[in-house]
>>> print(open('query_8.cif').read())   # mmCIF, C-alpha atoms and all ligand atoms
data_entry
#
loop_
_atom_site.group_PDB
_atom_site.id
_atom_site.type_symbol
_atom_site.label_atom_id
_atom_site.label_comp_id
_atom_site.auth_asym_id
_atom_site.auth_seq_id
_atom_site.Cartn_x
_atom_site.Cartn_y
_atom_site.Cartn_z
ATOM 1 C CA MET Q 15 0.000 0.000 0.000
ATOM 2 C CA ILE Q 16 1.265 3.457 -0.872
ATOM 3 C CA PRO Q 17 2.265 5.235 2.376
ATOM 4 C CA LEU Q 18 0.011 8.229 1.729
ATOM 5 C CA ASP Q 19 0.203 9.450 5.328
ATOM 6 C CA VAL Q 20 3.950 10.085 4.879
ATOM 7 C CA PHE Q 21 3.366 12.189 1.769
ATOM 8 C CA GLY Q 22 0.540 14.137 3.394
ATOM 9 C CA SER Q 23 2.175 15.143 6.650
ATOM 10 C CA GLU Q 24 5.615 16.645 7.235
ATOM 11 C CA SER Q 25 5.785 15.387 10.809
ATOM 12 C CA ILE Q 26 5.033 11.797 9.730
ATOM 13 C CA ALA Q 27 7.672 12.133 6.994
ATOM 14 C CA VAL Q 28 10.213 13.381 9.530
ATOM 15 C CA ASP Q 29 9.273 10.567 11.885
ATOM 16 C CA LEU Q 30 9.978 8.037 9.130
ATOM 17 C CA LEU Q 31 13.376 9.602 8.437
ATOM 18 C CA GLN Q 32 14.200 9.447 12.151
ATOM 19 C CA GLN Q 33 13.221 5.771 12.338
ATOM 20 C CA VAL Q 34 15.549 4.894 9.491
ATOM 21 C CA ARG Q 35 18.410 7.220 10.255
ATOM 22 C CA TRP Q 36 18.639 6.740 14.008
ATOM 23 C CA ARG Q 37 17.712 3.051 14.116
ATOM 24 C CA ASP Q 38 20.926 2.385 16.045
ATOM 25 C CA GLY Q 39 20.675 5.562 18.114
ATOM 26 C CA VAL Q 40 21.507 9.185 17.382
ATOM 27 C CA THR Q 41 25.135 9.792 16.455
ATOM 28 C CA CYS Q 42 26.888 13.023 15.500
ATOM 29 C CA PRO Q 43 27.330 13.252 11.703
ATOM 30 C CA ARG Q 44 30.648 15.058 12.210
ATOM 31 C CA CYS Q 45 32.500 13.131 14.896
ATOM 32 C CA ARG Q 46 30.360 9.959 15.122
ATOM 33 C CA SER Q 47 29.994 10.351 18.876
ATOM 34 C CA ASP Q 48 26.795 9.053 20.474
ATOM 35 C CA ARG Q 49 27.037 11.558 23.299
ATOM 36 C CA THR Q 50 24.180 13.639 21.969
ATOM 37 C CA VAL Q 51 21.246 15.396 23.586
ATOM 38 C CA ARG Q 52 18.052 16.876 22.188
ATOM 39 C CA ASN Q 53 18.433 20.571 21.589
ATOM 40 C CA GLY Q 54 15.304 22.291 20.386
ATOM 41 C CA SER Q 55 13.957 21.914 16.898
ATOM 42 C CA TYR Q 56 14.377 23.103 13.347
ATOM 43 C CA ARG Q 57 10.944 23.242 11.705
ATOM 44 C CA GLU Q 58 9.571 19.701 12.073
ATOM 45 C CA PHE Q 59 13.056 18.302 12.563
ATOM 46 C CA GLN Q 60 14.602 17.497 15.922
ATOM 47 C CA ARG Q 61 17.839 19.342 16.680
ATOM 48 C CA TYR Q 62 20.627 17.745 18.672
ATOM 49 C CA LEU Q 63 23.749 18.911 20.440
ATOM 50 C CA CYS Q 64 26.867 16.779 20.320
ATOM 51 C CA LYS Q 65 28.576 16.866 23.716
ATOM 52 C CA ASN Q 66 31.779 15.617 22.178
ATOM 53 C CA CYS Q 67 32.393 18.257 19.500
ATOM 54 C CA ASP Q 68 29.887 20.822 20.755
ATOM 55 C CA ARG Q 69 28.195 21.206 17.368
ATOM 56 C CA THR Q 70 24.485 21.044 16.681
ATOM 57 C CA PHE Q 71 22.784 19.126 13.926
ATOM 58 C CA ASN Q 72 19.289 18.003 13.011
ATOM 59 C CA ASP Q 73 17.596 14.948 11.517
ATOM 60 C CA LYS Q 74 18.499 15.794 7.951
ATOM 61 C CA THR Q 75 22.019 17.219 8.441
ATOM 62 C CA GLY Q 76 24.411 15.363 6.199
ATOM 63 C CA THR Q 77 21.667 13.544 4.271
ATOM 64 C CA ILE Q 78 20.645 14.114 0.676
ATOM 65 C CA PHE Q 79 17.649 16.059 2.039
ATOM 66 C CA ALA Q 80 19.788 18.675 3.776
ATOM 67 C CA HIS Q 81 19.767 22.301 2.640
ATOM 68 C CA SER Q 82 16.491 22.021 0.772
ATOM 69 C CA LYS Q 83 13.621 24.437 1.184
ATOM 70 C CA ILE Q 84 11.296 21.805 -0.219
ATOM 71 C CA ALA Q 85 9.378 19.820 2.368
ATOM 72 C CA LEU Q 86 10.762 16.371 3.130
ATOM 73 C CA ARG Q 87 7.386 14.768 2.376
ATOM 74 C CA ARG Q 88 7.637 16.057 -1.196
ATOM 75 C CA TRP Q 89 11.105 14.574 -1.610
ATOM 76 C CA LEU Q 90 9.936 11.275 -0.210
ATOM 77 C CA PHE Q 91 7.022 11.272 -2.622
ATOM 78 C CA SER Q 92 9.382 12.015 -5.544
ATOM 79 C CA THR Q 93 11.751 9.252 -4.513
ATOM 80 C CA TYR Q 94 8.853 6.836 -4.172
ATOM 81 C CA ALA Q 95 7.234 7.737 -7.494
ATOM 82 C CA PHE Q 96 10.596 7.597 -9.272
ATOM 83 C CA LEU Q 97 11.632 4.200 -7.922
ATOM 84 C CA ARG Q 98 8.225 2.576 -7.813
ATOM 85 C CA PHE Q 99 6.490 3.913 -10.896
ATOM 86 C CA ASN Q 100 9.396 5.273 -12.938
ATOM 87 C CA THR Q 101 7.748 8.690 -13.073
ATOM 88 C CA SER Q 102 9.639 11.237 -15.142
ATOM 89 C CA PHE Q 103 10.932 14.383 -13.447
ATOM 90 C CA ARG Q 104 8.931 16.451 -15.900
ATOM 91 C CA GLN Q 105 5.773 14.791 -14.642
ATOM 92 C CA LEU Q 106 6.877 15.085 -11.017
ATOM 93 C CA GLN Q 107 7.303 18.833 -11.278
ATOM 94 C CA TYR Q 108 3.523 19.136 -11.577
ATOM 95 C CA GLU Q 109 2.944 16.770 -8.667
ATOM 96 C CA ILE Q 110 5.212 18.432 -6.131
ATOM 97 C CA GLU Q 111 5.322 21.902 -7.689
ATOM 98 C CA VAL Q 112 9.086 22.085 -7.914
ATOM 99 C CA THR Q 113 10.879 22.596 -11.217
ATOM 100 C CA HIS Q 114 12.078 19.422 -12.883
ATOM 101 C CA LYS Q 115 15.641 20.729 -12.775
ATOM 102 C CA THR Q 116 15.515 20.925 -8.993
ATOM 103 C CA ILE Q 117 14.079 17.416 -8.822
ATOM 104 C CA HIS Q 118 16.700 16.243 -11.274
ATOM 105 C CA ARG Q 119 19.576 17.556 -9.176
ATOM 106 C CA ARG Q 120 18.232 16.150 -5.935
ATOM 107 C CA ILE Q 121 17.389 12.710 -7.294
ATOM 108 C CA GLU Q 122 20.714 12.464 -9.073
ATOM 109 C CA ARG Q 123 22.394 13.333 -5.809
ATOM 110 C CA SER Q 124 20.553 10.479 -4.140
ATOM 111 C CA GLY Q 125 21.799 8.264 -6.970
ATOM 112 C CA GLU Q 126 25.357 9.320 -6.190
ATOM 113 C CA ALA Q 127 24.826 8.214 -2.603
ATOM 114 C CA LEU Q 128 23.950 4.667 -3.671
ATOM 115 C CA ASP Q 129 26.674 2.085 -3.289
ATOM 116 C CA ALA Q 130 28.073 0.226 -6.238
ATOM 117 C CA PRO Q 131 26.677 -3.296 -6.346
ATOM 118 C CA SER Q 132 29.086 -5.798 -4.830
ATOM 119 C CA LEU Q 133 29.359 -8.826 -7.029
ATOM 120 C CA ASP Q 134 29.899 -12.169 -5.409
ATOM 121 C CA LEU Q 135 29.442 -14.551 -8.272
ATOM 122 C CA VAL Q 136 28.522 -18.185 -7.817
ATOM 123 C CA GLY Q 137 27.525 -19.087 -11.359
ATOM 124 C CA PRO Q 138 26.632 -20.120 -13.854
ATOM 125 C CA VAL Q 139 26.764 -16.479 -14.885
ATOM 126 C CA GLU Q 140 25.201 -15.077 -18.036
ATOM 127 C CA ILE Q 141 26.952 -11.985 -19.297
ATOM 128 C CA ASP Q 142 25.949 -9.742 -22.171
ATOM 129 C CA GLU Q 143 26.138 -6.072 -23.100
ATOM 130 C CA VAL Q 144 23.656 -3.515 -24.324
ATOM 131 C CA TYR Q 145 24.274 -0.102 -25.767
ATOM 132 C CA VAL Q 146 21.972 2.531 -24.417
ATOM 133 C CA SER Q 147 21.322 5.939 -25.826
ATOM 134 C CA ALA Q 148 23.021 8.493 -23.665
ATOM 135 C CA GLY Q 149 24.712 11.648 -24.603
ATOM 136 C CA LYS Q 150 25.461 15.128 -23.516
ATOM 137 C CA LYS Q 151 22.467 16.605 -21.810
ATOM 138 C CA GLY Q 152 20.278 18.532 -24.162
ATOM 139 C CA ARG Q 153 21.381 16.716 -27.237
ATOM 140 C CA GLU Q 154 18.441 15.826 -29.380
ATOM 141 C CA ARG Q 155 17.769 12.148 -29.367
ATOM 142 C CA ASP Q 156 16.690 12.233 -32.972
ATOM 143 C CA GLN Q 157 20.136 13.110 -34.252
ATOM 144 C CA PRO Q 158 21.823 10.218 -36.019
ATOM 145 C CA SER Q 159 23.932 8.085 -33.735
ATOM 146 C CA ARG Q 160 27.604 8.891 -34.068
ATOM 147 C CA SER Q 161 28.585 5.332 -33.341
ATOM 148 C CA ARG Q 162 26.680 4.074 -36.341
ATOM 149 C CA GLY Q 163 29.110 2.354 -38.651
ATOM 150 C CA LEU Q 164 31.932 3.092 -36.266
ATOM 151 C CA SER Q 165 32.411 -0.365 -34.892
ATOM 152 C CA THR Q 166 31.607 -3.726 -36.339
ATOM 153 C CA ARG Q 167 28.516 -5.657 -35.331
ATOM 154 C CA GLY Q 168 26.935 -2.776 -33.510
ATOM 155 C CA ARG Q 169 29.337 -2.696 -30.575
ATOM 156 C CA GLY Q 170 29.334 0.792 -29.142
ATOM 157 C CA LEU Q 171 31.971 2.928 -27.626
ATOM 158 C CA TYR Q 172 31.900 5.188 -24.609
ATOM 159 C CA ASP Q 173 33.287 7.984 -26.771
ATOM 160 C CA GLY Q 174 30.304 7.631 -29.041
ATOM 161 C CA ASP Q 175 26.847 8.233 -27.684
ATOM 162 C CA LYS Q 176 26.052 4.623 -26.943
ATOM 163 C CA PRO Q 177 28.157 3.552 -23.990
ATOM 164 C CA PRO Q 178 28.274 -0.174 -23.249
ATOM 165 C CA VAL Q 179 26.306 -1.443 -20.278
ATOM 166 C CA PHE Q 180 27.045 -4.948 -19.038
ATOM 167 C CA ILE Q 181 24.269 -7.159 -17.764
ATOM 168 C CA LEU Q 182 25.182 -10.068 -15.541
ATOM 169 C CA ALA Q 183 22.682 -12.660 -14.386
ATOM 170 C CA ASP Q 184 24.014 -15.002 -11.719
ATOM 171 C CA ARG Q 185 21.870 -18.110 -11.798
ATOM 172 C CA GLY Q 186 23.509 -19.331 -8.608
ATOM 173 C CA THR Q 187 22.191 -16.445 -6.526
ATOM 174 C CA GLY Q 188 19.390 -15.086 -8.718
ATOM 175 C CA GLN Q 189 21.069 -11.663 -8.682
ATOM 176 C CA ARG Q 190 21.153 -9.369 -11.685
ATOM 177 C CA TYR Q 191 23.699 -6.610 -12.171
ATOM 178 C CA VAL Q 192 23.610 -3.724 -14.631
ATOM 179 C CA ILE Q 193 26.966 -1.972 -14.879
ATOM 180 C CA PRO Q 194 28.018 0.724 -17.339
ATOM 181 C CA ALA Q 195 31.554 0.555 -18.705
ATOM 182 C CA LYS Q 196 33.924 2.694 -20.702
ATOM 183 C CA ALA Q 197 34.580 -0.071 -23.178
ATOM 184 C CA ALA Q 198 33.392 -3.543 -23.996
ATOM 185 C CA ASP Q 199 36.798 -5.182 -23.891
ATOM 186 C CA GLU Q 200 38.606 -8.058 -22.234
ATOM 187 C CA SER Q 201 39.953 -6.130 -19.249
ATOM 188 C CA THR Q 202 36.510 -4.771 -18.379
ATOM 189 C CA ILE Q 203 35.052 -8.263 -18.596
ATOM 190 C CA ARG Q 204 37.790 -9.678 -16.351
ATOM 191 C CA LEU Q 205 37.170 -6.937 -13.807
ATOM 192 C CA LEU Q 206 33.435 -7.668 -13.769
ATOM 193 C CA LEU Q 207 34.045 -11.363 -13.211
ATOM 194 C CA ALA Q 208 36.803 -10.883 -10.601
ATOM 195 C CA ASP Q 209 34.648 -11.344 -7.486
ATOM 196 C CA ARG Q 210 33.746 -14.997 -7.649
ATOM 197 C CA GLN Q 211 33.171 -17.720 -5.111
ATOM 198 C CA GLU Q 212 33.632 -20.556 -7.567
ATOM 199 C CA GLU Q 213 36.547 -21.517 -9.729
ATOM 200 C CA PRO Q 214 36.254 -22.377 -12.466
ATOM 201 C CA LEU Q 215 33.296 -20.035 -12.825
ATOM 202 C CA THR Q 216 30.864 -21.107 -15.518
ATOM 203 C CA VAL Q 217 30.144 -18.186 -17.837
ATOM 204 C CA TYR Q 218 27.625 -18.090 -20.667
ATOM 205 C CA THR Q 219 28.157 -15.488 -23.360
ATOM 206 C CA ASP Q 220 27.402 -14.811 -26.972
ATOM 207 C CA VAL Q 221 30.108 -14.959 -29.644
ATOM 208 C CA PHE Q 222 31.463 -11.458 -29.062
ATOM 209 C CA ARG Q 223 35.255 -11.580 -29.453
ATOM 210 C CA ALA Q 224 36.042 -9.884 -26.137
ATOM 211 C CA TYR Q 225 34.799 -12.979 -24.277
ATOM 212 C CA GLU Q 226 37.106 -15.361 -26.161
ATOM 213 C CA PRO Q 227 40.158 -15.063 -23.848
ATOM 214 C CA LEU Q 228 38.067 -16.555 -21.022
ATOM 215 C CA GLU Q 229 38.272 -19.871 -22.807
ATOM 216 C CA ALA Q 230 42.031 -20.187 -22.401
ATOM 217 C CA ASP Q 231 41.791 -19.271 -18.708
ATOM 218 C CA ASP Q 232 41.486 -22.060 -16.137
ATOM 219 C CA ALA Q 233 39.500 -19.774 -13.854
ATOM 220 C CA PHE Q 234 36.566 -19.918 -16.248
ATOM 221 C CA THR Q 235 34.439 -22.379 -18.134
ATOM 222 C CA ARG Q 236 33.067 -20.378 -20.997
ATOM 223 C CA GLU Q 237 30.216 -21.551 -23.177
ATOM 224 C CA TYR Q 238 28.627 -19.447 -25.837
ATOM 225 C CA VAL Q 239 25.546 -19.186 -27.970
ATOM 226 C CA VAL Q 240 25.575 -18.373 -31.634
ATOM 227 C CA HIS Q 241 22.610 -16.136 -32.260
ATOM 228 C CA GLY Q 242 20.744 -16.703 -35.471
ATOM 229 C CA ASP Q 243 22.460 -19.997 -36.040
ATOM 230 C CA GLY Q 244 19.546 -22.211 -35.090
ATOM 231 C CA GLU Q 245 21.236 -22.524 -31.697
ATOM 232 C CA TYR Q 246 19.517 -19.667 -29.917
ATOM 233 C CA ALA Q 247 18.985 -21.509 -26.668
ATOM 234 C CA ASP Q 248 21.020 -24.653 -26.208
ATOM 235 C CA GLU Q 249 19.276 -25.992 -23.111
ATOM 236 C CA GLU Q 250 21.006 -24.141 -20.283
ATOM 237 C CA VAL Q 251 23.574 -22.333 -22.401
ATOM 238 C CA HIS Q 252 21.869 -19.054 -23.212
ATOM 239 C CA VAL Q 253 21.869 -15.373 -22.272
ATOM 240 C CA ASN Q 254 18.086 -14.958 -22.332
ATOM 241 C CA THR Q 255 17.943 -13.730 -18.728
ATOM 242 C CA CYS Q 256 20.348 -10.939 -19.656
ATOM 243 C CA GLU Q 257 18.289 -10.063 -22.682
ATOM 244 C CA SER Q 258 15.035 -9.754 -20.777
ATOM 245 C CA HIS Q 259 16.805 -7.755 -18.074
ATOM 246 C CA ALA Q 260 18.241 -5.509 -20.771
ATOM 247 C CA SER Q 261 14.771 -4.716 -22.041
ATOM 248 C CA LEU Q 262 13.663 -3.833 -18.489
ATOM 249 C CA THR Q 263 16.709 -1.569 -18.253
ATOM 250 C CA ARG Q 264 15.786 0.216 -21.459
ATOM 251 C CA ARG Q 265 12.253 0.728 -20.188
ATOM 252 C CA TRP Q 266 13.629 2.099 -16.924
ATOM 253 C CA LEU Q 267 15.754 4.656 -18.756
ATOM 254 C CA SER Q 268 13.213 5.654 -21.382
ATOM 255 C CA PRO Q 269 11.175 8.302 -19.450
ATOM 256 C CA HIS Q 270 14.406 10.114 -18.573
ATOM 257 C CA ARG Q 271 15.411 11.596 -21.876
ATOM 258 C CA GLY Q 272 18.875 12.957 -22.388
ATOM 259 C CA ILE Q 273 20.679 11.241 -19.515
ATOM 260 C CA SER Q 274 24.321 12.215 -19.806
ATOM 261 C CA LYS Q 275 26.855 9.412 -19.945
ATOM 262 C CA ASP Q 276 28.448 10.321 -16.643
ATOM 263 C CA LYS Q 277 25.053 10.156 -14.913
ATOM 264 C CA LEU Q 278 24.186 6.767 -16.331
ATOM 265 C CA THR Q 279 25.767 4.974 -13.359
ATOM 266 C CA GLN Q 280 23.403 6.711 -10.948
ATOM 267 C CA TYR Q 281 20.319 5.826 -12.948
ATOM 268 C CA LEU Q 282 21.435 2.232 -13.174
ATOM 269 C CA ARG Q 283 22.103 2.021 -9.437
ATOM 270 C CA ALA Q 284 18.622 3.398 -8.873
ATOM 271 C CA PHE Q 285 17.360 0.642 -11.170
ATOM 272 C CA GLN Q 286 19.179 -1.908 -8.993
ATOM 273 C CA LEU Q 287 17.558 -0.349 -5.926
ATOM 274 C CA ARG Q 288 14.133 -0.504 -7.574
ATOM 275 C CA ARG Q 289 14.588 -4.228 -7.998
ATOM 276 C CA GLU Q 290 15.570 -4.676 -4.338
ATOM 277 C CA LEU Q 291 12.393 -3.054 -3.113
ATOM 278 C CA TYR Q 292 10.089 -4.370 -5.809
ATOM 279 C CA ARG Q 293 8.335 -6.920 -3.590
ATOM 280 C CA LYS Q 294 8.304 -4.867 -0.413
ATOM 281 C CA PRO Q 295 5.141 -3.168 0.856
ATOM 282 C CA GLY Q 296 5.068 0.610 0.319
ATOM 283 C CA ARG Q 297 6.303 1.808 3.693
ATOM 284 C CA ASP Q 298 9.105 -0.780 3.869
ATOM 285 C CA ALA Q 299 10.097 0.041 0.305
ATOM 286 C CA LEU Q 300 10.367 3.729 1.158
ATOM 287 C CA LYS Q 301 12.411 3.007 4.281
ATOM 288 C CA HIS Q 302 14.704 0.753 2.279
ATOM 289 C CA ALA Q 303 15.169 3.516 -0.304
ATOM 290 C CA ILE Q 304 16.015 6.106 2.364
ATOM 291 C CA ARG Q 305 18.447 3.742 4.084
ATOM 292 C CA ALA Q 306 20.219 3.092 0.780
ATOM 293 C CA THR Q 307 21.016 6.799 0.370
ATOM 294 C CA LEU Q 308 22.225 7.459 3.929
HETATM 295 ZN ZN ZN H 401 30.192 15.565 17.319
#
>>> encode(input="query_8.cif", output="structure tokens")
Amino acid sequence: MIPLDVFGSESIAVDLLQQVRWRDGVTCPRCRSDRTVRNGSYREFQRYLCKNCDRTFNDKTGTIFAHSKIALRRWLFSTYAFLRFNTSFRQLQYEIEVTHKTIHRRIERSGEALDAPSLDLVGPVEIDEVYVSAGKKGRERDQPSRSRGLSTRGRGLYDGDKPPVFILADRGTGQRYVIPAKAADESTIRLLLADRQEEPLTVYTDVFRAYEPLEADDAFTREYVVHGDGEYADEEVHVNTCESHASLTRRWLSPHRGISKDKLTQYLRAFQLRRELYRKPGRDALKHAIRATL
């Protein structure tokens, strides 16, 4: 159920932030001391005094919500609508009456606060890449792609406007990872597959040349599918999970036109977060999202 009470009342929104942020007790954001006492209030937020460093702070000091004139409940609604329903910032500006640029900045900042996914691969692992449209902000999407004809077989380059994004599906753990890269080359692939519990790690790929060196390496058992060769899915050797996850990724990115390449990571981490909270009830999902940005 959508936690409407949180979006309708600033004090309930603040209460939710307190529950998540101070779940292990109030600590000073500057010196980490837990020798803190309540010290008045700042709007709906509780203020505290740190008896160790003698500084004051409040519930949102040092969070992504700090230094914003916009009510916390509006930010929580934006975060929720963005992660849950993939609402565009242009649409959100009419819901919370804040310009889409302001929303953009704040939500991208929360994306920056998200941790990189930690891969702990068990395998078999499907790995594949997609090339998403991203470019300098403001560039018209309808312009012809600069990478067209640049590389063989449609493989993009970061320097073009279709940076490679790797999709990994670990069948051993059920985890999916979506990670943008500068290049689709051997060293990137080795880096992505470096955190593994199993050796040799079974890896399923397509015939892309950059995966070939894995075959000569004892740390991997590589098997590949030849698309369009009547061998699309050879029983368990396929990258279909990656392909369906890639189409979800494209859908996730599509309302947010003109994402610049350097911001792509944040949007993809938000996509990872969306998946983590997908099955959680509304209030738990929102708490999870807040916790992830702290
Ligand atoms: Zn302190």
>>> resolve_selection(input="query_8.cif", expression="the PyMOL selection byres (((not hetatm)) within 12 of (chain H and resi 401))", output="number ranges by chain")
Q: 40-51, 62-72
>>> closest_residue(input="query_8.cif", among="Q:Phe99, Q:Tyr238, Q:Tyr108, Q:Tyr218", to="Leu291 of chain Q", atoms="all atoms listed in the file")
Q:Phe99
>>> resolve_selection(input="query_8.cif", expression="the PyMOL selection byres (((chain Q and resi 215) around 6) and not hetatm)", output="list in words")
Glu212, Glu213, Pro214, Thr216, Phe234 and Thr235 of chain Q
>>> residues_around(input="query_8.cif", residues="segment 279-288 of chain Q", least_positions_apart="4", cutoff="10 Å", atoms="all atoms listed in the file", output="ChimeraX atom specification")
/Q:94,96-100,121-131,179,189-195,262-263,266-267,270,273-275,292-293,299,302-303,306
>>> axis_aligned_box(input="query_8.cif", around="segment 110-125 of chain Q", padding_each_side="5 Å", output="AutoDock Vina command-line options")
--center_x 13.8 --center_y 15.4 --center_z -8.5 --size_x 27.2 --size_y 24.3 --size_z 18.7
>>> residues_around(input="query_8.cif", residues="Val34 of chain Q", least_positions_apart="3", cutoff="10 Å", atoms="all atoms listed in the file", output="MDAnalysis selection string")
chainID Q and resid 29:31 37:38 300:305 308
>>> residues_around(input="query_8.cif", residues="Glu111 of chain Q", least_positions_apart="6", cutoff="12 Å", atoms="all atoms listed in the file", output="count of residues only")
10
>>> atom_distance(input="query_8.cif", atom1="atom CA of Glu140 of chain Q", atom2="atom CA of Arg185 of chain Q")
7.7 Å
>>> atom_distance(input="query_8.cif", atom1="atom CA of Ala183 of chain Q", atom2="atom CA of Pro138 of chain Q")
8.5 Å
